[in-house]
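Written out below as structure tokens is the structure these notes cover.
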Amino acid sequence: MTHGDPHQAHQLLSTMSKAVARVRLIHKSSRKADFDREVSSIVTTIGAKDIPTQINQLGTLGYQQNHLRPIHDLYLEWLSGIGIIQDWEKLSFLSVQDLSTREGIILALESGEILSSSHLQSIMNLDLIFTASFLPFVTAKNADESRLIKDIIKRIDNLVNSYQDYDRYRGILAALVSRRTILFKKCLKILSEMVDQGYYFHDIEQCLNVTFLSNNRAILADWLTGGKGIDYFLSAIRKSGDYSWVAWVKEQYDAGKLSIGQAIGTTLACVSTLPSWVKQDLAIMIEQRESYHLRSAAKRGVNRALAQWVMEHYAEFVHPSNSTFYDLNLVLVGCGDDQLFQQMFEKFNSYPPHIQELLLYAFRDLDESWMVRFQENYLSTGDHHVFHLLFEKVYVAITDNKAEEWTQNQNERVQTHGWKTLVKKHQNAIVPRLIENLPESFNNVSFVPTLKAIQELNEPPTYIVDELWKRLRGQIQPTLMQDMLYALAMVYPIGIASIVGQLKDNPHFLPDYHLYRFLQLLKEWSQRSGTHLRVKTANGDEEFPEYLLLNRLATRDSDHFLAHAIKVVNSNRILDFLVPRIEAGNANLYSLLIKSGGPATYHPAIATYVMGFPTDKSVANMFQLFSSCWHTFPETKLIEMLDKIIESDDKQDNLFKFINQISKHPQETYQAFHKRLLDVLFKLPEIHNHPYRDMASILTNYSTDILTELLEPFLSENRPQTLWLIRLIESNSETKLIDEEGQWIKKGALSIKFFSASFWTCKN
């Protein structure tokens, strides 16, 4: 490309952007092969054969494994936005359907891409919020264009003033994104009413432009008298970090229109100093348990003065019984520097123990050199209650001399950390010393530092196994046995195999708690090795974990650790063993089943048994047993569960819980069940957002055709609720499903008529 040739530069950008947009919207891919084909097609049309070479020379659109890899994701979005606008007749309908294109189009407009009248005329009946987002970038050149803008504004105004909350919600979003002052004032009033009713506007911040808000701060100030929902706007202001808001915030605070937390939190997010009035009232805000308002300033990370103030007053406000320390630590870490932390380090001895404990959480979030310094200075105290964080990690930066010093400490935890540090640094070279410092026998011994340190070895030598087993005699304490299991498990693969050998001959060798821990270790060992152990019994071959647990359950039915073991083994064989005994009246075994969290998948016998309880108990127990596996149930059983819920005393809460649990693992093939679920949900009084969001998650993966079939019958009888639900599905899937009239949008089903050749220009 010739330097300074605007025509060639325009052709290159136009070709790249159109090709990117077509690949995204037509091919639904990011494949370079599709991009090259589109470039070739465009080049043929415009007769610019050098463009493919120029694209490669430019280097901003790389590729990897036949997929486009741009220099930045936003660059690709920007190109896509330009391409959509320039190729509007071909791509506009697809762009309306694909909500993920919105960001790129706005980026293109902000960079100066020009709109024509057809852009608004062709989509205003499809998506009014999308249309409204174009209004800040256009100005009318003649009477026809002026009438069109007025028509769009009128439509938004009608939504804002609708009697339907669904329309008002969307009207507020359209009014805000349009950045039209005449709509802004009206939408604030409706926003306040809906917030007061309990609505949460989860997508409002993306519609807010801080510059527009700044230009209309007088309207915002008037609305604050009794207005509700200001935190949405304050959040946007805080994220902007715009200093010009500081005086306005102070005025509203002095007038009693903002709370102390709202005012201070917003101000500190926009300054790098500590204004005198903030300094005066900051302690009051923290004492009122509103320290969370400091999080925006902490995230921005530029207010060194705030961090200094927090350091100086830290001990006055933090207490283990509340979360104030968490917010103050965020400020220290986000806004502090090495000099400030050095001051705190030097003052550390002067702090009370509970302050020392909580302040260490801040140092832990810095680079590890600080925790190394704290270990060197305080770990030898052995005070695990205050300095427990110092025992969490082992650092190779600790010197051998310091580690050796710890191994000689009277406190066993400190000794252990010393040995762990040496192991971390020297690995198997230190093993002979570990063995040398093991007791001759583990009889009546609870704590062996070198046994714990073995767990830090990456690849322990196999002879450790024999060294440990020969010491296992006499009265073995629970803690020692646990450490023994973990140490053996580190010696892969023979460590676990040696425990298996003991249990094969004596299934009751381990107490219930240690059996549970062993089963966890065996599961990890099996996953790593790809080996699943079986054992020959009188009943034939059995999975070894099942064999162990069945032996235990045959004689014991009340230890809660067995419930954990049931969950680890997760076997239908175990469940089949439990069911007849539970049906025969063994309440202890049923209690174990409940505590285990239930089966990982649908179990017909257990479901049938629990469904036979009185309604309320049945529903409560089904939630306890099957909360994470509804997606494995037959559709008929889900409908049966729904019928139980309808009969329960707490029908509404149970229904919402059921929908929430199902939404975690939606089963998209159960149309009859989902239709029944919708019918029950829509017959309840209209609910604000919840549980429609969960219901939307359940339905999001359905195709448009199936959604149409499923939801169309509800549009006539339960139109507002159904429209709420569809809009939430659109948000989840980033796909436009219905137009402004509530009619289904189907690919190829709509012919977009373009307004004739008048043009709009961008505002400067």
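Identifiers for the structure tokens are assigned positionally: chains receive A, B, ... in sequence, residues are indexed from 1 per chain, and ligands are indexed from 1 in the order shown.
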*Neighbours of Arg413 of chain A within 9 Å (only C-alpha atoms; same-chain residues fewer than 2 positions away dropped), as an MDAnalysis selection string?*
chainID A and resid 382 384 391 409:411 415:418 449
*Find the residues near segment 91-102 of chain A: any atom within 7 Å, counting only C-alpha atoms, skip ones fewer than 6 places away on the same chain, and give them as a list in words.*
Leu25, Gly81, Ile84, Glu734, Thr735 and Lys736 of chain A
Write the residues of the preceding selection, restricted to C-alpha atoms, as a tab-separated table (two decimals), in the first residue's frame.
chain	number	residue	atom	x	y	z
A	25	LEU	CA	-22.46	-13.49	10.68
A	81	GLY	CA	-18.73	-3.24	13.37
A	84	ILE	CA	-21.73	-4.48	9.29
A	734	GLU	CA	-26.98	-13.42	22.55
A	735	THR	CA	-29.62	-14.07	19.90
A	736	LYS	CA	-32.60	-11.86	19.04
*asked:* I'd like the neighbourhood of Ile129 of chain A as a PyMOL selection string, where a residue qualifies if any of its atoms comes within 8 Å (using only C-alpha atoms), though same-chain residues fewer than 4 positions away should be ignored.
replied: chain A and resi 133+170-171+173-174+177
Selection export as a PDB file, in the first residue's frame, atoms kept: C-alpha atoms:
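The resulting file, again.pdb, is shown below:
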ATOM      1  CA  SER A 133     -28.147   3.117  20.544  1.00  0.00           C
ATOM      2  CA  ARG A 170     -37.098  -2.001  28.042  1.00  0.00           C
ATOM      3  CA  GLY A 171     -38.172   1.613  27.631  1.00  0.00           C
ATOM      4  CA  LEU A 173     -32.884   0.875  28.727  1.00  0.00           C
ATOM      5  CA  ALA A 174     -33.735   2.411  25.335  1.00  0.00           C
ATOM      6  CA  VAL A 177     -28.826   4.286  25.576  1.00  0.00           C
TER       7      VAL A 177
END
Please report, as a short mmCIF file (atom, residue, chain, number, x, y, z; two decimals) with N, CA, C and O atoms, in the first residue's frame, each residue of segment 605-725 of chain A to which DSSP assigns alpha helix (DSSP H) when run on this structure's backbone.
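Final file, states-v2.cif:
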data_model
loop_
_atom_site.label_atom_id
_atom_site.label_comp_id
_atom_site.auth_asym_id
_atom_site.auth_seq_id
_atom_site.Cartn_x
_atom_site.Cartn_y
_atom_site.Cartn_z
N ALA A 605 -35.23 -46.81 42.67
CA ALA A 605 -35.75 -47.33 43.95
C ALA A 605 -35.75 -46.25 45.02
O ALA A 605 -36.72 -46.12 45.80
N ILE A 606 -34.69 -45.46 45.09
CA ILE A 606 -34.62 -44.41 46.11
C ILE A 606 -35.66 -43.34 45.82
O ILE A 606 -36.36 -42.86 46.73
N ALA A 607 -35.79 -42.93 44.55
CA ALA A 607 -36.77 -41.91 44.18
C ALA A 607 -38.18 -42.38 44.52
O ALA A 607 -38.99 -41.62 45.08
N THR A 608 -38.49 -43.62 44.21
CA THR A 608 -39.83 -44.16 44.49
C THR A 608 -40.09 -44.21 45.99
O THR A 608 -41.18 -43.85 46.46
N TYR A 609 -39.08 -44.63 46.76
CA TYR A 609 -39.22 -44.70 48.21
C TYR A 609 -39.50 -43.32 48.80
O TYR A 609 -40.43 -43.15 49.60
N VAL A 610 -38.73 -42.33 48.40
CA VAL A 610 -38.87 -40.99 48.98
C VAL A 610 -40.16 -40.33 48.51
O VAL A 610 -40.80 -39.59 49.26
N MET A 611 -40.56 -40.60 47.28
CA MET A 611 -41.82 -40.04 46.77
C MET A 611 -43.03 -40.55 47.56
O MET A 611 -44.09 -39.95 47.53
N THR A 615 -46.25 -35.40 51.59
CA THR A 615 -45.82 -34.44 50.57
C THR A 615 -44.65 -33.56 50.98
O THR A 615 -43.62 -33.50 50.30
N ASP A 616 -44.77 -32.86 52.10
CA ASP A 616 -43.73 -31.89 52.47
C ASP A 616 -42.39 -32.57 52.77
O ASP A 616 -41.32 -32.09 52.38
N LYS A 617 -42.42 -33.70 53.47
CA LYS A 617 -41.19 -34.44 53.75
C LYS A 617 -40.60 -34.99 52.45
O LYS A 617 -39.37 -34.95 52.24
N SER A 618 -41.47 -35.47 51.59
CA SER A 618 -41.01 -36.02 50.32
C SER A 618 -40.27 -34.96 49.50
O SER A 618 -39.17 -35.20 49.00
N VAL A 619 -40.86 -33.78 49.38
CA VAL A 619 -40.25 -32.71 48.60
C VAL A 619 -38.91 -32.29 49.20
O VAL A 619 -37.91 -32.16 48.50
N ALA A 620 -38.89 -32.10 50.53
CA ALA A 620 -37.66 -31.67 51.20
C ALA A 620 -36.55 -32.70 51.01
O ALA A 620 -35.40 -32.35 50.72
N ASN A 621 -36.87 -33.99 51.16
CA ASN A 621 -35.85 -35.04 51.03
C ASN A 621 -35.39 -35.22 49.59
O ASN A 621 -34.21 -35.51 49.34
N MET A 622 -36.30 -35.06 48.64
CA MET A 622 -35.91 -35.15 47.23
C MET A 622 -34.91 -34.05 46.89
O MET A 622 -33.93 -34.28 46.16
N PHE A 623 -35.12 -32.85 47.43
CA PHE A 623 -34.16 -31.76 47.20
C PHE A 623 -32.80 -32.11 47.80
O PHE A 623 -31.76 -31.81 47.21
N GLN A 624 -32.79 -32.73 48.97
CA GLN A 624 -31.53 -33.09 49.61
C GLN A 624 -30.77 -34.17 48.85
O GLN A 624 -29.55 -34.15 48.78
N LEU A 625 -31.52 -35.10 48.27
CA LEU A 625 -30.89 -36.27 47.65
C LEU A 625 -30.54 -36.08 46.18
O LEU A 625 -29.57 -36.67 45.69
N PHE A 626 -31.32 -35.28 45.47
CA PHE A 626 -31.17 -35.24 44.01
C PHE A 626 -30.92 -33.84 43.44
O PHE A 626 -31.09 -33.63 42.24
N GLU A 635 -38.41 -38.00 32.23
CA GLU A 635 -39.33 -36.87 32.18
C GLU A 635 -40.57 -37.11 33.05
O GLU A 635 -41.06 -36.20 33.73
N THR A 636 -41.04 -38.34 33.07
CA THR A 636 -42.24 -38.65 33.86
C THR A 636 -42.01 -38.43 35.35
O THR A 636 -42.90 -37.97 36.07
N LYS A 637 -40.80 -38.74 35.81
CA LYS A 637 -40.49 -38.54 37.23
C LYS A 637 -40.35 -37.07 37.57
O LYS A 637 -40.69 -36.64 38.68
N LEU A 638 -39.84 -36.27 36.64
CA LEU A 638 -39.77 -34.83 36.87
C LEU A 638 -41.17 -34.23 36.98
O LEU A 638 -41.43 -33.37 37.83
N ILE A 639 -42.07 -34.70 36.15
CA ILE A 639 -43.45 -34.22 36.22
C ILE A 639 -44.09 -34.65 37.53
O ILE A 639 -44.83 -33.90 38.17
N GLU A 640 -43.78 -35.87 37.97
CA GLU A 640 -44.29 -36.35 39.26
C GLU A 640 -43.77 -35.49 40.41
O GLU A 640 -44.50 -35.15 41.34
N MET A 641 -42.49 -35.12 40.35
CA MET A 641 -41.91 -34.24 41.36
C MET A 641 -42.59 -32.87 41.34
O MET A 641 -42.89 -32.29 42.39
N LEU A 642 -42.86 -32.36 40.15
CA LEU A 642 -43.55 -31.08 40.03
C LEU A 642 -44.93 -31.14 40.65
O LEU A 642 -45.37 -30.21 41.33
N ASP A 643 -45.63 -32.25 40.45
CA ASP A 643 -46.95 -32.42 41.06
C ASP A 643 -46.86 -32.41 42.59
O ASP A 643 -47.72 -31.85 43.27
N LYS A 644 -45.81 -33.04 43.12
CA LYS A 644 -45.59 -33.02 44.57
C LYS A 644 -45.40 -31.59 45.07
O LYS A 644 -45.93 -31.19 46.11
N ILE A 645 -44.62 -30.84 44.33
CA ILE A 645 -44.34 -29.45 44.72
C ILE A 645 -45.63 -28.63 44.72
O ILE A 645 -45.86 -27.81 45.62
N ILE A 646 -46.46 -28.84 43.72
CA ILE A 646 -47.73 -28.11 43.64
C ILE A 646 -48.61 -28.40 44.85
O ILE A 646 -49.35 -27.53 45.35
N GLU A 647 -48.51 -29.63 45.37
CA GLU A 647 -49.33 -30.01 46.53
C GLU A 647 -48.72 -29.57 47.86
O GLU A 647 -49.39 -29.62 48.90
N LYS A 651 -45.51 -24.04 48.28
CA LYS A 651 -45.49 -24.30 46.84
C LYS A 651 -44.56 -23.36 46.07
O LYS A 651 -43.74 -23.79 45.27
N GLN A 652 -44.67 -22.06 46.33
CA GLN A 652 -43.91 -21.10 45.53
C GLN A 652 -42.41 -21.23 45.76
O GLN A 652 -41.63 -21.32 44.81
N ASP A 653 -41.97 -21.25 47.02
CA ASP A 653 -40.54 -21.38 47.30
C ASP A 653 -39.98 -22.70 46.80
O ASP A 653 -38.86 -22.76 46.28
N ASN A 654 -40.75 -23.77 46.95
CA ASN A 654 -40.30 -25.08 46.46
C ASN A 654 -40.17 -25.08 44.94
O ASN A 654 -39.24 -25.67 44.38
N LEU A 655 -41.12 -24.42 44.27
CA LEU A 655 -41.05 -24.35 42.81
C LEU A 655 -39.81 -23.58 42.37
O LEU A 655 -39.09 -24.01 41.46
N PHE A 656 -39.54 -22.46 43.03
CA PHE A 656 -38.37 -21.66 42.67
C PHE A 656 -37.08 -22.43 42.92
O PHE A 656 -36.13 -22.36 42.14
N LYS A 657 -37.04 -23.18 44.02
CA LYS A 657 -35.85 -24.00 44.32
C LYS A 657 -35.67 -25.08 43.26
O LYS A 657 -34.55 -25.34 42.80
N PHE A 658 -36.77 -25.70 42.86
CA PHE A 658 -36.74 -26.75 41.84
C PHE A 658 -36.20 -26.19 40.52
O PHE A 658 -35.30 -26.77 39.89
N ILE A 659 -36.72 -25.05 40.10
CA ILE A 659 -36.28 -24.43 38.85
C ILE A 659 -34.81 -24.06 38.94
O ILE A 659 -34.04 -24.26 38.00
N ASN A 660 -34.38 -23.52 40.08
CA ASN A 660 -32.99 -23.14 40.25
C ASN A 660 -32.07 -24.35 40.16
O ASN A 660 -31.02 -24.31 39.49
N GLN A 661 -32.44 -25.46 40.80
CA GLN A 661 -31.61 -26.65 40.76
C GLN A 661 -31.54 -27.23 39.35
O GLN A 661 -30.47 -27.64 38.89
N ILE A 662 -32.66 -27.24 38.65
CA ILE A 662 -32.68 -27.76 37.28
C ILE A 662 -31.82 -26.89 36.37
O ILE A 662 -31.15 -27.39 35.45
N SER A 663 -31.81 -25.58 36.61
CA SER A 663 -31.09 -24.66 35.72
C SER A 663 -29.58 -24.90 35.73
O SER A 663 -28.88 -24.48 34.81
N LYS A 664 -29.08 -25.56 36.78
CA LYS A 664 -27.63 -25.81 36.85
C LYS A 664 -27.20 -26.84 35.80
O LYS A 664 -26.07 -26.80 35.32
N GLN A 671 -39.53 -31.41 26.53
CA GLN A 671 -40.45 -30.33 26.19
C GLN A 671 -41.75 -30.40 26.97
O GLN A 671 -42.29 -29.37 27.40
N ALA A 672 -42.28 -31.60 27.17
CA ALA A 672 -43.55 -31.73 27.90
C ALA A 672 -43.39 -31.25 29.35
O ALA A 672 -44.25 -30.54 29.89
N PHE A 673 -42.28 -31.63 29.96
CA PHE A 673 -42.02 -31.19 31.33
C PHE A 673 -41.83 -29.67 31.40
O PHE A 673 -42.37 -29.00 32.28
N HIS A 674 -41.06 -29.13 30.47
CA HIS A 674 -40.81 -27.69 30.49
C HIS A 674 -42.09 -26.91 30.23
O HIS A 674 -42.30 -25.84 30.82
N LYS A 675 -42.95 -27.43 29.40
CA LYS A 675 -44.24 -26.76 29.15
C LYS A 675 -45.09 -26.77 30.42
O LYS A 675 -45.71 -25.76 30.77
N ARG A 676 -45.08 -27.88 31.12
CA ARG A 676 -45.83 -27.98 32.37
C ARG A 676 -45.24 -27.03 33.42
O ARG A 676 -45.95 -26.38 34.19
N LEU A 677 -43.91 -26.96 33.46
CA LEU A 677 -43.22 -26.09 34.40
C LEU A 677 -43.58 -24.63 34.14
O LEU A 677 -43.84 -23.86 35.07
N LEU A 678 -43.60 -24.25 32.87
CA LEU A 678 -43.98 -22.88 32.51
C LEU A 678 -45.43 -22.59 32.91
O LEU A 678 -45.73 -21.50 33.41
N ASP A 679 -46.27 -23.55 32.70
CA ASP A 679 -47.68 -23.36 33.03
C ASP A 679 -47.86 -23.09 34.53
O ASP A 679 -48.60 -22.18 34.93
N VAL A 680 -47.15 -23.84 35.36
CA VAL A 680 -47.23 -23.65 36.81
C VAL A 680 -46.62 -22.30 37.20
O VAL A 680 -47.18 -21.56 38.01
N LEU A 681 -45.47 -21.97 36.61
CA LEU A 681 -44.79 -20.72 36.93
C LEU A 681 -45.64 -19.51 36.57
O LEU A 681 -45.79 -18.57 37.36
N PHE A 682 -46.25 -19.53 35.39
CA PHE A 682 -47.00 -18.38 34.92
C PHE A 682 -48.33 -18.20 35.66
O PHE A 682 -48.93 -17.13 35.59
N LYS A 683 -48.77 -19.23 36.34
CA LYS A 683 -50.02 -19.11 37.11
C LYS A 683 -49.80 -18.46 38.47
O LYS A 683 -50.75 -18.07 39.15
N TYR A 692 -37.46 -16.14 36.68
CA TYR A 692 -37.42 -16.20 35.22
C TYR A 692 -35.99 -16.37 34.69
O TYR A 692 -35.79 -16.97 33.63
N ARG A 693 -35.01 -15.84 35.41
CA ARG A 693 -33.62 -15.99 34.95
C ARG A 693 -33.22 -17.46 34.93
O ARG A 693 -32.56 -17.94 34.00
N ASP A 694 -33.61 -18.19 35.99
CA ASP A 694 -33.30 -19.63 36.02
C ASP A 694 -34.06 -20.37 34.93
O ASP A 694 -33.52 -21.28 34.29
N MET A 695 -35.31 -19.97 34.72
CA MET A 695 -36.11 -20.62 33.67
C MET A 695 -35.49 -20.35 32.30
O MET A 695 -35.45 -21.23 31.43
N ALA A 696 -34.97 -19.15 32.11
CA ALA A 696 -34.32 -18.81 30.85
C ALA A 696 -33.08 -19.68 30.63
O ALA A 696 -32.81 -20.12 29.51
N SER A 697 -32.33 -19.95 31.70
CA SER A 697 -31.16 -20.81 31.58
C SER A 697 -31.55 -22.21 31.14
O SER A 697 -30.83 -22.87 30.38
N ILE A 698 -32.69 -22.68 31.63
CA ILE A 698 -33.17 -24.01 31.26
C ILE A 698 -33.50 -24.09 29.77
O ILE A 698 -33.23 -25.09 29.11
N LEU A 699 -34.06 -23.01 29.24
CA LEU A 699 -34.58 -23.03 27.86
C LEU A 699 -33.59 -22.49 26.83
O LEU A 699 -33.84 -22.61 25.63
N THR A 704 -34.61 -22.06 17.94
CA THR A 704 -35.69 -21.07 17.81
C THR A 704 -37.00 -21.74 17.46
O THR A 704 -38.07 -21.36 17.97
N ASP A 705 -36.97 -22.75 16.60
CA ASP A 705 -38.21 -23.43 16.21
C ASP A 705 -38.89 -24.09 17.41
O ASP A 705 -40.11 -23.99 17.58
N ILE A 706 -38.09 -24.75 18.25
CA ILE A 706 -38.67 -25.42 19.42
C ILE A 706 -39.15 -24.38 20.43
O ILE A 706 -40.21 -24.55 21.04
N LEU A 707 -38.38 -23.32 20.62
CA LEU A 707 -38.82 -22.25 21.54
C LEU A 707 -40.14 -21.66 21.07
O LEU A 707 -41.03 -21.37 21.88
N THR A 708 -40.26 -21.46 19.76
CA THR A 708 -41.51 -20.92 19.22
C THR A 708 -42.67 -21.85 19.54
O THR A 708 -43.73 -21.41 20.01
N GLU A 709 -42.46 -23.12 19.31
CA GLU A 709 -43.51 -24.10 19.59
C GLU A 709 -43.85 -24.16 21.07
O GLU A 709 -45.02 -24.27 21.45
N LEU A 710 -42.84 -24.04 21.91
CA LEU A 710 -43.03 -24.17 23.35
C LEU A 710 -43.69 -22.93 23.95
O LEU A 710 -44.57 -23.04 24.82
N LEU A 711 -43.28 -21.75 23.51
CA LEU A 711 -43.70 -20.52 24.16
C LEU A 711 -44.85 -19.79 23.47
O LEU A 711 -45.51 -18.96 24.09
N GLU A 712 -45.08 -20.10 22.21
CA GLU A 712 -46.15 -19.41 21.47
C GLU A 712 -47.51 -19.48 22.16
O GLU A 712 -48.21 -18.46 22.27
N PRO A 713 -47.90 -20.65 22.70
CA PRO A 713 -49.22 -20.70 23.36
C PRO A 713 -49.33 -19.77 24.57
O PRO A 713 -50.43 -19.33 24.91
N PHE A 714 -48.20 -19.47 25.21
CA PHE A 714 -48.25 -18.62 26.40
C PHE A 714 -48.29 -17.13 26.05
O PHE A 714 -48.62 -16.31 26.90
N LEU A 715 -47.92 -16.78 24.81
CA LEU A 715 -47.86 -15.37 24.45
C LEU A 715 -49.24 -14.71 24.48
O LEU A 715 -49.36 -13.52 24.72
N SER A 716 -50.30 -15.49 24.24
CA SER A 716 -51.65 -14.91 24.26
C SER A 716 -52.23 -14.84 25.67
O SER A 716 -52.83 -13.85 26.06
N GLU A 717 -51.97 -15.88 26.49
CA GLU A 717 -52.57 -15.92 27.83
C GLU A 717 -51.67 -15.29 28.89
O GLU A 717 -52.17 -14.73 29.87
N ARG A 719 -48.83 -13.06 28.28
CA ARG A 719 -47.92 -12.32 27.42
C ARG A 719 -46.80 -11.61 28.18
O ARG A 719 -45.63 -11.76 27.82
N PRO A 720 -47.07 -10.82 29.23
CA PRO A 720 -45.97 -10.10 29.89
C PRO A 720 -44.90 -11.04 30.45
O PRO A 720 -43.71 -10.82 30.23
N GLN A 721 -45.34 -12.11 31.15
CA GLN A 721 -44.36 -13.04 31.71
C GLN A 721 -43.55 -13.73 30.61
O GLN A 721 -42.34 -13.94 30.73
N THR A 722 -44.24 -14.10 29.52
CA THR A 722 -43.56 -14.80 28.43
C THR A 722 -42.55 -13.89 27.75
O THR A 722 -41.44 -14.31 27.41
N LEU A 723 -42.91 -12.62 27.57
CA LEU A 723 -41.98 -11.67 26.96
C LEU A 723 -40.76 -11.45 27.85
O LEU A 723 -39.62 -11.35 27.37
N TRP A 724 -41.00 -11.34 29.18
CA TRP A 724 -39.87 -11.26 30.11
C TRP A 724 -38.93 -12.43 29.88
O TRP A 724 -37.71 -12.27 29.77
N LEU A 725 -39.50 -13.63 29.84
CA LEU A 725 -38.71 -14.84 29.72
C LEU A 725 -37.94 -14.87 28.40
O LEU A 725 -36.74 -15.21 28.36
#
*asked:* So, with only C-alpha atoms as the atoms that count, which of A:Thr211, A:Asn142, A:Ser259, A:Ser446 lies closest to Asp242 of chain A?
replied: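 Ranked by minimum distance to Asp242 of chain A, first place goes to A:Thr211.
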_Report as JSON, numbers by chain all protein, DNA and RNA residues lying within 10 Å of Met490 of chain A, evaluated on only C-alpha atoms, omitting residues in the same chain fewer than 2 positions from it._
{"A": [454, 455, 456, 457, 458, 459, 460, 461, 462, 464, 465, 485, 486, 487, 488, 492, 493, 494, 495, 496, 521, 525]}
*asked:* Please extract the residues of segment 384-541 of chain A with a backbone DSSP assignment of strand (DSSP E) and present them as a PyMOL selection string.
replied: chain A and resi 534-537+540-541
*asked:* Using Å and a single decimal, report how far atom CA of Pro353 of chain A sits from atom CA of Val386 of chain A.
replied: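 Computed distance, atom CA of Val386 of chain A to atom CA of Pro353 of chain A, equals 6.2 Å.
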*Using only C-alpha atoms, which of A:Met194, A:Leu183, A:Ile152, A:Val372 sits nearest Gln121 of chain A?*
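With only C-alpha atoms as the atom set, the closest residue is A:Ile152.
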*In Å, rounded to a single decimal, give me how far atom CA of Ile106 of chain A is from atom CA of Asn161 of chain A.*
27.1 Å
*Write out as a VMD selection string which residues come within 12 Å of segment 571-586 of chain A when counting only C-alpha atoms, dropping same-chain ones fewer than 2 positions away.*
chain A and resid 542 to 554 556 to 558 562 to 563 565 to 569 588 to 594 596 598 to 610 612 to 613
*Take atom CA of Leu390 of chain A and atom CA of Leu332 of chain A and report the distance between them in Å, one decimal.*
19.2 Å
_So that I can see what lies close to Ile204 of chain A, please list as a list of chain:residue names the residues with an atom at most 9 Å from it, counting only C-alpha atoms and leaving out residues fewer than 3 positions away in the same chain._
A:Ile172, A:Leu173, A:Leu176, A:Phe201, A:Cys207, A:Leu208, A:Tyr232
*asked:* Taking 5 positions as the minimum chain separation for residues in the same chain, which residues sit within 9 Å of Ile71 of chain A when counting only C-alpha atoms? Answer as a PyMOL selection string.
replied: chain A and resi 59-62+76
For all heavy atoms, I'd like the residues from the last selection saved as a PDB file, in the first residue's frame.
ATOM      1  N   GLY A  59      -0.386  -7.272   8.883  1.00  0.00           N
ATOM      2  CA  GLY A  59      -0.066  -8.108  10.042  1.00  0.00           C
ATOM      3  C   GLY A  59      -0.973  -7.970  11.250  1.00  0.00           C
ATOM      4  O   GLY A  59      -0.679  -8.525  12.310  1.00  0.00           O
ATOM      5  N   THR A  60      -2.073  -7.262  11.117  1.00  0.00           N
ATOM      6  CA  THR A  60      -2.974  -7.087  12.267  1.00  0.00           C
ATOM      7  C   THR A  60      -3.968  -8.232  12.397  1.00  0.00           C
ATOM      8  O   THR A  60      -4.593  -8.390  13.442  1.00  0.00           O
ATOM      9  CB  THR A  60      -3.757  -5.767  12.143  1.00  0.00           C
ATOM     10  OG1 THR A  60      -4.438  -5.742  10.888  1.00  0.00           O
ATOM     11  CG2 THR A  60      -2.804  -4.576  12.228  1.00  0.00           C
ATOM     12  N   LEU A  61      -4.120  -9.010  11.332  1.00  0.00           N
ATOM     13  CA  LEU A  61      -5.008 -10.173  11.369  1.00  0.00           C
ATOM     14  C   LEU A  61      -4.166 -11.430  11.144  1.00  0.00           C
ATOM     15  O   LEU A  61      -4.054 -11.931  10.026  1.00  0.00           O
ATOM     16  CB  LEU A  61      -6.093 -10.070  10.293  1.00  0.00           C
ATOM     17  CG  LEU A  61      -7.368  -9.324  10.662  1.00  0.00           C
ATOM     18  CD1 LEU A  61      -8.355  -9.382   9.505  1.00  0.00           C
ATOM     19  CD2 LEU A  61      -8.019  -9.894  11.915  1.00  0.00           C
ATOM     20  N   GLY A  62      -3.556 -11.913  12.184  1.00  0.00           N
ATOM     21  CA  GLY A  62      -2.821 -13.157  12.087  1.00  0.00           C
ATOM     22  C   GLY A  62      -3.763 -14.344  12.141  1.00  0.00           C
ATOM     23  O   GLY A  62      -4.986 -14.192  12.244  1.00  0.00           O
ATOM     24  N   LEU A  76     -10.834  -6.884  16.339  1.00  0.00           N
ATOM     25  CA  LEU A  76     -11.729  -7.696  15.521  1.00  0.00           C
ATOM     26  C   LEU A  76     -13.174  -7.214  15.659  1.00  0.00           C
ATOM     27  O   LEU A  76     -13.925  -7.177  14.674  1.00  0.00           O
ATOM     28  CB  LEU A  76     -11.617  -9.169  15.925  1.00  0.00           C
ATOM     29  CG  LEU A  76     -12.132 -10.190  14.912  1.00  0.00           C
ATOM     30  CD1 LEU A  76     -11.284 -10.173  13.650  1.00  0.00           C
ATOM     31  CD2 LEU A  76     -12.133 -11.587  15.510  1.00  0.00           C
TER      32      LEU A  76
END
*asked:* My list of candidates is A:Gln427, A:Ser214, A:Ser17, A:Gln54. Which is closest to Tyr243 of chain A when distances are computed with only C-alpha atoms?
replied: A:Ser214
*Go through A:Glu404, A:Asp483, A:Asp127, A:Glu668 one by one, measure the shortest atom-to-atom distance of each to Asn701 of chain A using only C-alpha atoms, and give the residue with the smallest value.*
A:Glu668
*Would you mind telling me which residue in A:Leu268, A:Ala315, A:Ile284, A:Val195 lies nearest to Met344 of chain A when using only C-alpha atoms?*
A:Ala315
